[in-house]
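Data file: model-v2.cif. Format and content: mmCIF, C-alpha atoms.
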data_structure
loop_
_atom_site.label_atom_id
_atom_site.label_comp_id
_atom_site.auth_asym_id
_atom_site.auth_seq_id
_atom_site.Cartn_x
_atom_site.Cartn_y
_atom_site.Cartn_z
CA MET A 1 -54.67 55.26 -87.39
CA ASN A 2 -51.02 56.14 -87.03
CA LYS A 3 -51.62 57.22 -83.43
CA ARG A 4 -53.42 53.94 -82.72
CA ILE A 5 -50.57 51.96 -84.28
CA ILE A 6 -47.99 53.93 -82.31
CA SER A 7 -49.93 53.47 -79.08
CA LEU A 8 -50.28 49.74 -79.75
CA ILE A 9 -46.55 49.47 -80.36
CA LEU A 10 -45.80 51.36 -77.18
CA CYS A 11 -48.15 49.10 -75.23
CA ALA A 12 -46.48 46.04 -76.69
CA VAL A 13 -43.06 47.42 -75.72
CA LEU A 14 -44.21 48.17 -72.17
CA ILE A 15 -45.73 44.70 -71.79
CA ALA A 16 -42.56 43.07 -73.12
CA SER A 17 -40.38 45.09 -70.77
CA ALA A 18 -42.64 44.19 -67.84
CA PHE A 19 -42.28 40.45 -68.61
CA ALA A 20 -38.53 40.86 -68.95
CA GLY A 21 -38.36 42.57 -65.57
CA CYS A 22 -40.27 39.76 -63.95
CA ARG A 23 -37.86 37.20 -65.39
CA VAL A 24 -34.88 39.16 -64.11
CA ASN A 25 -36.38 39.41 -60.65
CA ASN A 26 -37.15 35.71 -60.65
CA ALA A 27 -33.68 34.93 -61.86
CA GLY A 28 -32.20 37.22 -59.25
CA GLY A 29 -34.20 35.46 -56.60
CA ILE A 30 -32.75 32.13 -57.60
CA GLU A 31 -29.20 33.40 -57.82
CA GLU A 32 -29.23 34.99 -54.39
CA ALA A 33 -27.09 33.21 -51.84
CA ASP A 34 -29.17 30.95 -49.66
CA THR A 35 -29.07 32.48 -46.20
CA THR A 36 -30.29 29.27 -44.57
CA GLU A 37 -27.42 27.77 -42.56
CA LEU A 38 -26.48 24.20 -43.28
CA THR A 39 -26.09 22.66 -39.84
CA THR A 40 -24.50 19.28 -39.31
CA THR A 41 -25.58 17.70 -36.02
CA THR A 42 -23.21 15.15 -34.55
CA THR A 43 -24.81 13.10 -31.83
CA THR A 44 -22.19 11.58 -29.51
CA GLN A 45 -23.47 8.98 -27.11
CA PRO A 46 -21.44 8.99 -23.88
CA THR A 47 -19.50 5.80 -23.38
CA THR A 48 -19.23 4.81 -19.75
CA VAL A 49 -16.81 2.11 -18.68
CA THR A 50 -17.95 0.67 -15.38
CA THR A 51 -15.57 -1.45 -13.34
CA THR A 52 -17.51 -3.61 -10.97
CA GLU A 53 -15.68 -5.03 -7.99
CA ASP A 54 -16.33 -8.75 -7.57
CA THR A 55 -16.49 -9.16 -3.80
CA ALA A 56 -16.51 -12.92 -4.18
CA THR A 57 -12.95 -12.99 -5.51
CA THR A 58 -11.34 -9.79 -4.32
CA PHE A 59 -11.48 -7.16 -1.62
CA PRO A 60 -14.28 -4.59 -1.66
CA GLU A 61 -13.09 -1.23 -2.90
CA ASP A 62 -14.46 1.38 -0.51
CA GLU A 63 -13.45 5.00 0.06
CA THR A 64 -9.75 5.49 -0.55
CA ARG A 65 -7.81 6.78 2.40
CA LYS A 66 -5.05 9.36 2.26
CA ILE A 67 -2.54 8.57 -0.47
CA TYR A 68 1.09 9.16 0.43
CA LYS A 69 3.92 9.68 -1.99
CA GLY A 70 5.03 6.34 -3.37
CA LEU A 71 8.07 4.68 -1.83
CA ALA A 72 10.92 3.24 -3.87
CA LYS A 73 13.19 0.23 -3.47
CA ASP A 74 16.93 0.46 -3.03
CA THR A 75 18.91 -2.70 -3.71
CA GLU A 76 22.35 -1.08 -3.89
CA GLY A 77 22.42 1.55 -1.14
CA SER A 78 24.15 0.96 2.17
CA TYR A 79 21.92 0.55 5.24
CA PRO A 80 24.38 -1.14 7.59
CA TYR A 81 22.65 -0.67 10.94
CA LYS A 82 20.16 -3.35 11.95
CA ILE A 83 17.70 -1.85 14.42
CA ALA A 84 14.85 -4.39 14.67
CA GLU A 85 13.70 -7.82 13.48
CA TYR A 86 10.66 -10.04 13.90
CA THR A 87 9.82 -13.53 12.63
CA THR A 88 6.51 -15.37 12.32
CA HIS A 89 5.85 -18.91 11.15
CA TYR A 90 3.46 -20.42 8.60
CA ASP A 91 2.47 -23.80 7.19
CA GLY A 92 4.58 -24.28 4.07
CA SER A 93 2.37 -27.15 2.89
CA ASN A 94 -0.46 -24.68 2.32
CA VAL A 95 0.54 -23.85 -1.24
CA THR A 96 -1.89 -21.04 -2.05
CA ARG A 97 -1.41 -19.17 1.23
CA THR A 98 2.38 -19.49 0.91
CA ALA A 99 2.18 -18.02 -2.60
CA ASN A 100 0.24 -15.03 -1.21
CA LEU A 101 2.83 -14.49 1.54
CA ARG A 102 5.66 -14.51 -0.99
CA ALA A 103 3.86 -12.15 -3.39
CA ALA A 104 3.35 -9.57 -0.63
CA ALA A 105 6.82 -10.06 0.86
CA GLU A 106 8.45 -9.40 -2.53
CA LYS A 107 6.71 -6.02 -2.69
CA ILE A 108 8.06 -5.12 0.76
CA ASP A 109 11.62 -6.38 0.37
CA ASP A 110 14.18 -3.54 -0.10
CA ILE A 111 11.58 -0.78 0.31
CA VAL A 112 13.03 2.47 1.71
CA ILE A 113 11.10 4.85 3.96
CA PRO A 114 12.78 8.27 4.04
CA ASP A 115 12.89 10.24 7.28
CA SER A 116 9.48 11.57 8.39
CA ARG A 117 7.71 9.70 5.58
CA VAL A 118 4.75 7.36 6.05
CA PHE A 119 4.72 3.73 4.94
CA SER A 120 1.35 2.45 3.70
CA PHE A 121 0.96 -1.31 3.34
CA ASN A 122 -1.85 -1.12 0.78
CA GLN A 123 -0.08 1.49 -1.30
CA THR A 124 3.22 -0.44 -1.26
CA VAL A 125 1.84 -3.95 -1.80
CA GLY A 126 -1.01 -2.94 -4.09
CA LYS A 127 -4.29 -4.61 -4.85
CA ARG A 128 -4.42 -8.34 -4.29
CA THR A 129 -5.39 -9.74 -7.69
CA VAL A 130 -4.80 -12.89 -9.71
CA THR A 131 -2.55 -11.00 -12.15
CA ALA A 132 -0.48 -9.77 -9.20
CA GLY A 133 0.22 -13.39 -8.23
CA TYR A 134 -2.39 -13.97 -5.53
CA ASP A 135 -4.52 -17.05 -5.01
CA GLU A 136 -7.41 -18.05 -2.79
CA ALA A 137 -6.72 -18.86 0.85
CA LYS A 138 -8.54 -18.35 4.13
CA ILE A 139 -9.76 -14.82 4.91
CA ILE A 140 -12.18 -13.48 7.50
CA LYS A 141 -15.62 -12.59 6.18
CA ASP A 142 -18.86 -12.13 8.11
CA GLY A 143 -17.43 -13.71 11.23
CA GLU A 144 -16.11 -16.82 9.49
CA PHE A 145 -12.92 -18.08 7.88
CA VAL A 146 -13.71 -18.53 4.19
CA ASP A 147 -11.68 -18.82 1.00
CA GLY A 148 -10.83 -15.46 -0.58
CA LEU A 149 -8.28 -13.91 -2.91
CA GLY A 150 -5.10 -12.83 -1.13
CA GLY A 151 -5.69 -14.76 2.07
CA GLY A 152 -2.63 -14.64 4.33
CA VAL A 153 -1.31 -11.16 3.52
CA CYS A 154 -2.33 -10.02 7.01
CA GLN A 155 0.48 -12.15 8.37
CA VAL A 156 2.89 -10.00 6.33
CA SER A 157 1.41 -6.73 7.66
CA SER A 158 1.39 -8.13 11.22
CA THR A 159 5.04 -9.19 10.97
CA ILE A 160 5.96 -5.70 9.78
CA PHE A 161 3.93 -4.19 12.63
CA GLU A 162 5.81 -6.25 15.22
CA CYS A 163 9.14 -5.33 13.63
CA VAL A 164 8.65 -1.56 13.43
CA LEU A 165 7.26 -1.52 16.97
CA ARG A 166 10.74 -2.58 18.03
CA ALA A 167 12.27 0.11 15.78
CA ASN A 168 10.34 2.74 17.75
CA ALA A 169 8.47 3.88 14.62
CA LYS A 170 5.33 5.96 15.04
CA ILE A 171 2.25 3.85 14.33
CA VAL A 172 -0.17 5.87 12.20
CA SER A 173 -2.90 3.32 11.44
CA ARG A 174 -3.41 -0.18 12.83
CA ALA A 175 -6.46 -2.41 13.34
CA ALA A 176 -6.92 -5.85 14.84
CA HIS A 177 -8.60 -8.81 13.19
CA SER A 178 -12.23 -9.47 14.06
CA LEU A 179 -11.44 -13.13 14.81
CA GLU A 180 -8.58 -14.72 16.73
CA ILE A 181 -5.40 -15.50 14.79
CA SER A 182 -2.37 -17.56 15.79
CA TYR A 183 0.77 -16.35 13.95
CA VAL A 184 1.36 -13.45 16.38
CA PRO A 185 0.21 -12.98 19.99
CA LEU A 186 -3.37 -11.72 20.29
CA GLY A 187 -3.18 -7.95 20.46
CA GLY A 188 -0.06 -7.84 18.28
CA ASP A 189 -1.63 -8.23 14.84
CA ALA A 190 -2.36 -5.67 12.10
CA THR A 191 -5.08 -6.59 9.65
CA VAL A 192 -5.33 -5.10 6.17
CA GLN A 193 -8.01 -4.98 3.48
CA TRP A 194 -7.66 -3.31 0.12
CA ASN A 195 -8.70 0.35 0.29
CA SER A 196 -10.72 -0.05 3.48
CA CYS A 197 -8.25 -1.04 6.20
CA ASP A 198 -4.57 -0.14 6.00
CA PHE A 199 -1.48 -0.51 8.16
CA GLN A 200 0.69 2.62 8.25
CA PHE A 201 3.69 3.83 10.22
CA GLU A 202 5.94 6.88 10.10
CA ASN A 203 9.73 6.73 10.05
CA THR A 204 10.85 8.73 13.09
CA LEU A 205 14.49 7.58 13.15
CA GLY A 206 15.90 10.82 11.77
CA CYS A 207 17.37 8.99 8.77
CA PRO A 208 16.13 6.67 5.98
CA MET A 209 14.90 3.20 7.00
CA LYS A 210 15.00 0.09 4.83
CA LEU A 211 12.84 -3.00 5.24
CA LYS A 212 14.05 -6.45 4.27
CA MET A 213 11.44 -9.20 3.99
CA SER A 214 12.15 -12.88 3.50
CA CYS A 215 9.70 -15.75 3.11
CA GLY A 216 10.73 -19.40 2.97
CA ASN A 217 10.86 -22.72 4.79
CA GLY A 218 7.89 -21.82 6.95
CA THR A 219 9.36 -18.58 8.30
CA LEU A 220 8.45 -14.99 7.47
CA THR A 221 10.97 -12.38 8.67
CA CYS A 222 10.94 -8.59 8.56
CA THR A 223 14.16 -6.70 9.38
CA ALA A 224 14.54 -2.94 9.70
CA TYR A 225 17.85 -1.27 8.81
CA ALA A 226 18.93 2.35 9.26
CA LYS A 227 21.18 4.53 7.15
CA LYS A 228 22.86 5.90 10.26
CA ASP A 229 23.76 4.49 13.64
CA VAL A 230 20.70 5.60 15.62
CA ASP A 231 19.71 4.74 19.17
CA VAL A 232 16.06 3.62 19.28
CA GLY A 233 16.24 3.27 23.04
CA ASP A 234 15.50 0.42 25.41
CA ILE A 235 12.25 -0.98 23.97
CA ASP A 236 9.87 -3.36 25.72
CA ILE A 237 6.66 -4.71 24.16
CA SER A 238 4.05 -6.12 26.53
CA ILE A 239 0.50 -7.42 26.03
CA SER A 240 -2.00 -7.69 28.87
CA ARG A 241 -5.55 -9.00 28.93
CA SER A 242 -8.55 -7.66 30.82
CA GLY A 243 -11.74 -9.57 30.11
CA ASP A 244 -12.05 -9.78 26.32
CA THR A 245 -9.69 -6.84 25.67
CA TYR A 246 -6.00 -7.22 24.81
CA SER A 247 -3.83 -4.16 25.42
CA LEU A 248 -0.42 -3.80 23.77
CA ARG A 249 2.00 -1.26 25.24
CA ARG A 250 5.38 -0.15 23.98
CA THR A 251 7.74 1.22 26.59
CA VAL A 252 10.85 3.13 25.53
CA ASN A 253 13.41 3.89 28.23
CA GLY A 254 10.81 3.29 30.90
CA LYS A 255 8.06 5.46 29.35
CA VAL A 256 4.98 4.20 27.50
CA ASN A 257 4.83 5.87 24.08
CA TYR A 258 2.31 3.64 22.28
CA THR A 259 -0.81 1.72 23.35
CA THR A 260 -3.40 -0.14 21.30
CA HIS A 261 -6.40 -2.25 22.32
CA SER A 262 -7.91 -5.25 20.55
CA LYS A 263 -11.00 -7.44 20.85
CA TYR A 264 -11.63 -10.71 19.07
CA SER A 265 -14.56 -13.01 18.45
CA LYS A 266 -14.79 -16.73 17.96
CA PRO A 267 -15.62 -18.02 14.47
CA LYS A 268 -19.28 -18.75 13.81
CA THR A 269 -20.29 -22.35 14.44
CA THR A 270 -23.90 -22.05 13.38
CA THR A 271 -23.30 -23.93 10.16
CA LYS A 272 -21.79 -26.93 11.96
CA LYS A 273 -24.56 -26.91 14.55
CA GLU A 274 -27.18 -26.77 11.84
CA ASN A 275 -25.57 -29.71 10.08
CA THR A 276 -25.42 -31.77 13.27
CA THR A 277 -29.03 -30.95 14.16
CA LYS A 278 -30.12 -31.87 10.64
CA LYS A 279 -28.30 -35.19 10.92
CA LYS A 280 -29.96 -35.87 14.28
CA GLU A 281 -33.36 -35.01 12.85
CA LYS A 282 -32.76 -37.35 9.91
CA LYS A 283 -31.83 -40.16 12.30
CA LYS A 284 -34.98 -39.52 14.35
CA ASP A 285 -37.09 -39.56 11.20
CA LYS A 286 -35.52 -42.86 10.13
CA LYS A 287 -36.24 -44.38 13.53
CA LYS A 288 -39.84 -43.17 13.36
CA ASP A 289 -40.20 -44.64 9.86
CA LYS A 290 -38.82 -47.98 11.06
CA LYS A 291 -41.22 -48.04 14.01
CA ALA A 292 -44.12 -47.19 11.72
CA ASP A 293 -43.11 -49.97 9.34
CA LYS A 294 -42.96 -52.45 12.24
CA LYS A 295 -46.41 -51.44 13.41
CA LYS A 296 -47.79 -51.88 9.91
CA THR A 297 -46.28 -55.35 9.56
CA GLU A 298 -47.60 -56.33 13.00
CA LYS A 299 -51.10 -55.13 12.09
CA LYS A 300 -50.98 -57.13 8.85
CA LYS A 301 -49.96 -60.26 10.78
CA THR A 302 -52.75 -59.84 13.31
CA THR A 303 -55.37 -59.29 10.59
CA LYS A 304 -54.19 -62.45 8.80
CA LYS A 305 -54.46 -64.52 12.01
CA LYS A 306 -57.97 -63.22 12.64
CA LYS A 307 -59.05 -64.20 9.15
CA LYS A 308 -57.64 -67.70 9.61
CA ASN A 309 -59.34 -68.12 12.95
CA GLY A 310 -62.56 -66.74 11.49
#
Could you rewrite the structure in this file as structure tokens?
Amino acid sequence: MNKRIISLILCAVLIASAFAGCRVNNAGGIEEADTTELTTTTTTQPTTVTTTEDTATTFPEDETRKIYKGLAKDTEGSYPYKIAEYTTHYDGSNVTRTANLRAAAEKIDDIVIPDSRVFSFNQTVGKRTVTAGYDEAKIIKDGEFVDGLGGGVCQVSSTIFECVLRANAKIVSRAAHSLEISYVPLGGDATVQWNSCDFQFENTLGCPMKLKMSCGNGTLTCTAYAKKDVDVGDIDISISRSGDTYSLRRTVNGKVNYTTHSKYSKPKTTTKKENTTKKKEKKKDKKKDKKADKKKTEKKKTTKKKKKNG
């Protein structure tokens, strides 16, 4: 009996210790550090700001050409030697175009081109926008003169071109208009368009050059001044025509050192012709309608007479 009692007690102790061990293991399992990483996922949606060029109100922004180091103005420095000047004329009663000329001329006035540096019209004047003071005036688009933002600035670039030709500057980039213009001789113009067509020249005087630009009372004048008394030589500018090609040549001391060729088209007149033809067609239709009405009235009269006679 005693052995049975002792064995029962031992069994009870073993069972109790087994349950206690299970609880400890379970508790240990709960207390263990959770090895599962807490990951916070931040989803960032890319924000893209797209600037769309409105070709109806501004110039198309194509591939950017070479960007030169920006030029600065100098209103106090001494540039006492006048080496070249050129003047063009404009219609002062055209308010919007005059405003565009003045806005561009103000950007040019007092600009200094150091020796061996390149002047870029587009880089100096900047983009022709409403906030920059430009308005709508006639521009060339698709073979026609239409209203567009910044119309008239090509007269500024052409006036500069004519001036620096006479200063014996090296012409780096110049293009003619696609249509005929009147403010400079054909073959002597320099068209510009934001980021697609630029006018550029290099200062080859051997010293800094300063451009002065004035716009008022129907005259637009560009004057080139030098820091030192330099001899640009005996310069002659001539333009000849062969067929539909205009050739400009610059001769310095009897030698030709610059030549450029230009071709121009006439503005499209299809719209006017279409309008006139439409008007003529309308007149013809009206005449036909009148004749038809007369025939109808005559038929009615004849039928009435027949009925009376009958």
Worksheet item: Using all atoms listed in the file, which residues sit within 12 Å of segment 139-142 of chain A once same-chain residues fewer than 4 positions away are excluded, as a PyMOL selection string?
Response: chain A and resi 55-60+97+100+135+146-155+176-181+191-193+264-268
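Considering the residues A:Ile171, A:Met209, A:Val232, A:Ala190 and counting all atoms listed in the file, Gly77 of chain A has its shortest atom-to-atom contact with A:Met209.
Every residue that the PyMOL selection byres ((chain A and resi 234-236) around 10) selects in this file is listed here: Leu165, Arg166, Ala167, Asn168, Asp231, Val232, Gly233, Ile237, Ser238, Arg249, Arg250, Thr251, Val252, Asn253, Gly254, Lys255 and Val256 of chain A.
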Worksheet item: In Å to one decimal, how far is atom CA of Tyr225 of chain A from atom CA of Val118 of chain A?
Response: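 According to the coordinates, atom CA of Val118 of chain A and atom CA of Tyr225 of chain A are separated by 15.9 Å.
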Discussion item. Considering all atoms listed in the file, can you say which of A:Cys163, A:Val172, A:Tyr246, A:Ser214 comes closest to Pro185 of chain A?
Written reply: A:Tyr246
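Put simply, the PyMOL selection byres ((chain A and resi 86) around 8) on this file hits Ala84, Glu85, Thr87, Thr88, Thr159, Ile160, Glu162, Cys163, Thr221, Cys222 and Thr223 of chain A.
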Discussion item. Between atom CA of Val95 of chain A and atom CA of Glu136 of chain A, what distance in Å does the model show, to one decimal?
Written reply: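 Between atom CA of Val95 of chain A and atom CA of Glu136 of chain A the gap works out to 10.0 Å.
Proximity ranking of A:Phe121, A:Tyr183, A:Tyr79, A:Tyr258 relative to Lys170 of chain A places A:Tyr258 first, based on all atoms listed in the file.
Reported to one decimal place, the separation of atom CA of Asp198 of chain A from atom CA of Arg117 of chain A is 15.7 Å.
The smallest atom-to-atom distance between Tyr90 of chain A and any of A:Val184, A:Ala72, A:Ile239, A:Leu211, using only C-alpha atoms, is found for A:Val184.
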Worksheet item: the PyMOL selection byres ((chain A and resi 110) around 7) on the file shown: which residues, as a list in words?
Response: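 When the PyMOL selection byres ((chain A and resi 110) around 7) is applied to the shown file, the picked residues are Lys73, Asp74, Thr75, Ile108, Asp109, Ile111, Val112, Lys210, Leu211 and Lys212 of chain A.
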